[in-house]
$ cat my_file_30.tsv   # TSV, C-alpha atoms
chain	number	residue	atom	x	y	z
L	980	MET	CA	-12.63	0.34	-11.10
L	981	THR	CA	-9.36	1.15	-12.86
L	982	ALA	CA	-5.90	0.38	-11.51
L	983	ARG	CA	-5.38	4.04	-10.58
L	984	ASP	CA	-8.63	3.99	-8.57
L	985	ILE	CA	-7.51	0.94	-6.58
L	986	ILE	CA	-3.97	2.12	-5.67
L	987	ILE	CA	-4.46	5.46	-3.91
L	988	MET	CA	-0.94	6.23	-2.67
L	989	PRO	CA	2.23	4.58	-1.34
L	990	VAL	CA	2.81	4.44	2.41
L	991	ILE	CA	6.27	5.84	3.21
L	992	THR	CA	7.35	5.04	6.78
L	993	GLU	CA	10.55	3.70	8.35
L	994	LYS	CA	8.98	0.27	8.81
L	995	SER	CA	7.67	0.08	5.23
L	996	MET	CA	11.03	1.18	3.79
L	997	ALA	CA	12.78	-1.58	5.78
L	998	GLY	CA	10.54	-4.11	3.99
L	999	VAL	CA	11.46	-2.61	0.63
L	1000	ALA	CA	15.18	-2.89	1.34
L	1001	SER	CA	15.18	-6.45	2.66
L	1002	GLU	CA	12.45	-8.50	0.98
L	1003	LYS	CA	10.78	-6.58	-1.91
L	1004	LYS	CA	7.68	-5.83	0.16
L	1005	TYR	CA	5.85	-2.58	-0.70
L	1006	THR	CA	3.04	-0.86	1.19
L	1007	PHE	CA	0.14	1.03	-0.41
L	1008	LYS	CA	-3.03	2.80	0.68
L	1009	VAL	CA	-5.79	1.17	-1.39
L	1010	ASP	CA	-9.53	1.50	-1.99
L	1011	LYS	CA	-11.57	-0.04	0.85
L	1012	ARG	CA	-13.63	-2.15	-1.58
L	1013	ALA	CA	-10.65	-3.62	-3.48
L	1014	THR	CA	-9.88	-7.33	-3.19
L	1015	LYS	CA	-6.41	-8.87	-3.01
L	1016	ILE	CA	-6.66	-10.08	-6.62
L	1017	GLN	CA	-7.66	-6.60	-7.85
L	1018	ILE	CA	-4.78	-5.04	-5.88
L	1019	ALA	CA	-2.25	-7.51	-7.35
L	1020	LYS	CA	-3.44	-6.85	-10.92
L	1021	ALA	CA	-3.38	-3.06	-10.36
L	1022	VAL	CA	0.22	-3.11	-9.06
L	1023	GLU	CA	1.32	-5.30	-11.97
L	1024	GLU	CA	-0.39	-2.98	-14.47
L	1025	ILE	CA	0.90	0.31	-13.03
L	1026	PHE	CA	4.49	-0.66	-12.17
L	1027	GLY	CA	5.14	-3.58	-14.57
L	1028	VAL	CA	6.26	-6.04	-11.88
L	1029	LYS	CA	5.31	-9.61	-10.88
L	1030	VAL	CA	3.34	-9.88	-7.62
L	1031	ALA	CA	3.81	-12.96	-5.44
L	1032	LYS	CA	1.47	-12.17	-2.53
L	1033	VAL	CA	-0.84	-9.47	-1.17
L	1034	ASN	CA	-1.77	-8.99	2.50
L	1035	THR	CA	-4.38	-6.41	3.51
L	1036	VAL	CA	-5.16	-4.61	6.76
L	1037	SER	CA	-8.16	-2.41	7.55
L	1038	VAL	CA	-6.86	0.56	9.55
L	1039	ARG	CA	-9.24	2.14	12.05
L	1040	GLY	CA	-9.58	5.90	12.26
L	1041	HIS	CA	-7.67	7.59	15.07
L	1042	MET	CA	-9.28	9.75	17.75
L	1043	ARG	CA	-8.41	13.42	17.25
L	1044	ARG	CA	-9.32	16.49	19.30
L	1045	GLN	CA	-9.50	20.18	18.51
L	1046	GLY	CA	-10.26	21.98	21.73
L	1047	ARG	CA	-13.42	20.46	23.16
L	1048	ASN	CA	-14.48	18.92	19.84
L	1049	GLU	CA	-13.39	15.38	19.18
L	1050	GLY	CA	-13.90	12.81	16.46
L	1051	TYR	CA	-12.26	10.09	14.42
L	1052	THR	CA	-10.18	10.36	11.27
L	1053	ALA	CA	-11.34	8.28	8.30
L	1054	SER	CA	-10.65	4.55	8.33
L	1055	TRP	CA	-8.71	3.14	5.35
L	1056	LYS	CA	-7.23	-0.03	3.89
L	1057	LYS	CA	-3.52	-0.83	3.66
L	1058	ALA	CA	-2.00	-3.46	1.33
L	1059	TYR	CA	1.39	-5.14	1.74
L	1060	VAL	CA	2.49	-6.31	-1.72
L	1061	SER	CA	5.33	-8.87	-1.98
L	1062	LEU	CA	7.07	-9.24	-5.32
L	1063	LYS	CA	8.47	-12.44	-6.82
L	1064	PRO	CA	12.25	-12.87	-6.45
L	1065	ASP	CA	12.80	-12.67	-10.23
L	1066	SER	CA	10.71	-9.47	-10.55
L	1067	LYS	CA	12.28	-6.04	-10.98
L	1068	THR	CA	11.93	-3.48	-8.19
L	1069	ILE	CA	9.57	-0.49	-8.21
L	1070	GLU	CA	11.69	2.55	-9.13
L	1071	PHE	CA	9.48	5.03	-7.23
L	1072	PHE	CA	10.62	3.58	-3.90
L	1073	GLU	CA	14.32	3.43	-4.85
L	1074	GLY	CA	14.65	7.22	-4.63
L	1075	MET	CA	13.31	7.19	-1.05
L	1076	MET	CA	16.12	5.07	0.39
$ encode --input "my_file_30.tsv" --output "structure tokens"
Amino acid sequence: MTARDIIIMPVITEKSMAGVASEKKYTFKVDKRATKIQIAKAVEEIFGVKVAKVNTVSVRGHMRRQGRNEGYTASWKKAYVSLKPDSKTIEFFEGMM
């Protein structure tokens, strides 16, 4: 798996942007099979930063209805990546704030 396969997309919400502003904590949607070590190496490779810690959460699919049909959206994995204090910030997120 390459770094681009592991990091699928950033998660842009009010709560995730508050983490970016205060403590250099970034949130990404990642491959379900990726480990914390693989996620840390992928973020370092793509963005050129130093990762201090990675926390992961498996997100369940939500129940959705369309008329009388109902089902669940796909489940996915979320990673909270904390950077070291001496690391530079990720420029992609700076334009969002």
$ residues_around --input "my_file_30.tsv" --residues "L:Ala1031" --least-positions-apart "5" --cutoff "6 Å" --atoms "only C-alpha atoms" --output "list in words"
Ser1061, Leu1062 and Lys1063 of chain L
$ residues_around --input "my_file_30.tsv" --residues "stretch 980-987 of chain L" --least-positions-apart "4" --cutoff "6 Å" --atoms "only C-alpha atoms" --output "list in words"
Lys1008, Val1009, Asp1010 and Ala1021 of chain L
$ closest_residue --input "my_file_30.tsv" --among "L:Lys1003, L:Met996, L:Phe1071, L:Trp1055" --to "L:Lys1029" --atoms "only C-alpha atoms"
L:Lys1003
$ atom_distance --input "my_file_30.tsv" --atom1 "atom CA of L:Ile1018" --atom2 "atom CA of L:Ser1001"
21.8 Å
$ closest_residue --input "my_file_30.tsv" --among "L:Ile1016, L:Asp1065, L:Gly998, L:Ala1058" --to "L:Val1036" --atoms "only C-alpha atoms"
L:Ala1058
$ residues_around --input "my_file_30.tsv" --residues "L:Tyr1005" --least-positions-apart "2" --cutoff "12 Å" --atoms "all atoms listed in the file" --output "PyMOL selection string"
chain L and resi 986+988-1003+1007-1008+1019+1022+1026+1028+1030-1035+1057-1063+1068-1073
$ atom_distance --input "my_file_30.tsv" --atom1 "atom CA of L:Ser1054" --atom2 "atom CA of L:Ser1037"
7.4 Å
$ closest_residue --input "my_file_30.tsv" --among "L:Lys1067, L:Arg1039, L:Arg1047, L:Lys1056" --to "L:Thr1014" --atoms "all atoms listed in the file"
L:Lys1056
$ atom_distance --input "my_file_30.tsv" --atom1 "atom CA of L:Ser1066" --atom2 "atom CA of L:Glu1024"
13.4 Å
$ axis_aligned_box --input "my_file_30.tsv" --around "stretch 1005-1009 of chain L" --padding-each-side "4 Å" --output "AutoDock Vina command-line options"
--center_x 0.0 --center_y 0.1 --center_z -0.1 --size_x 19.6 --size_y 13.4 --size_z 10.6
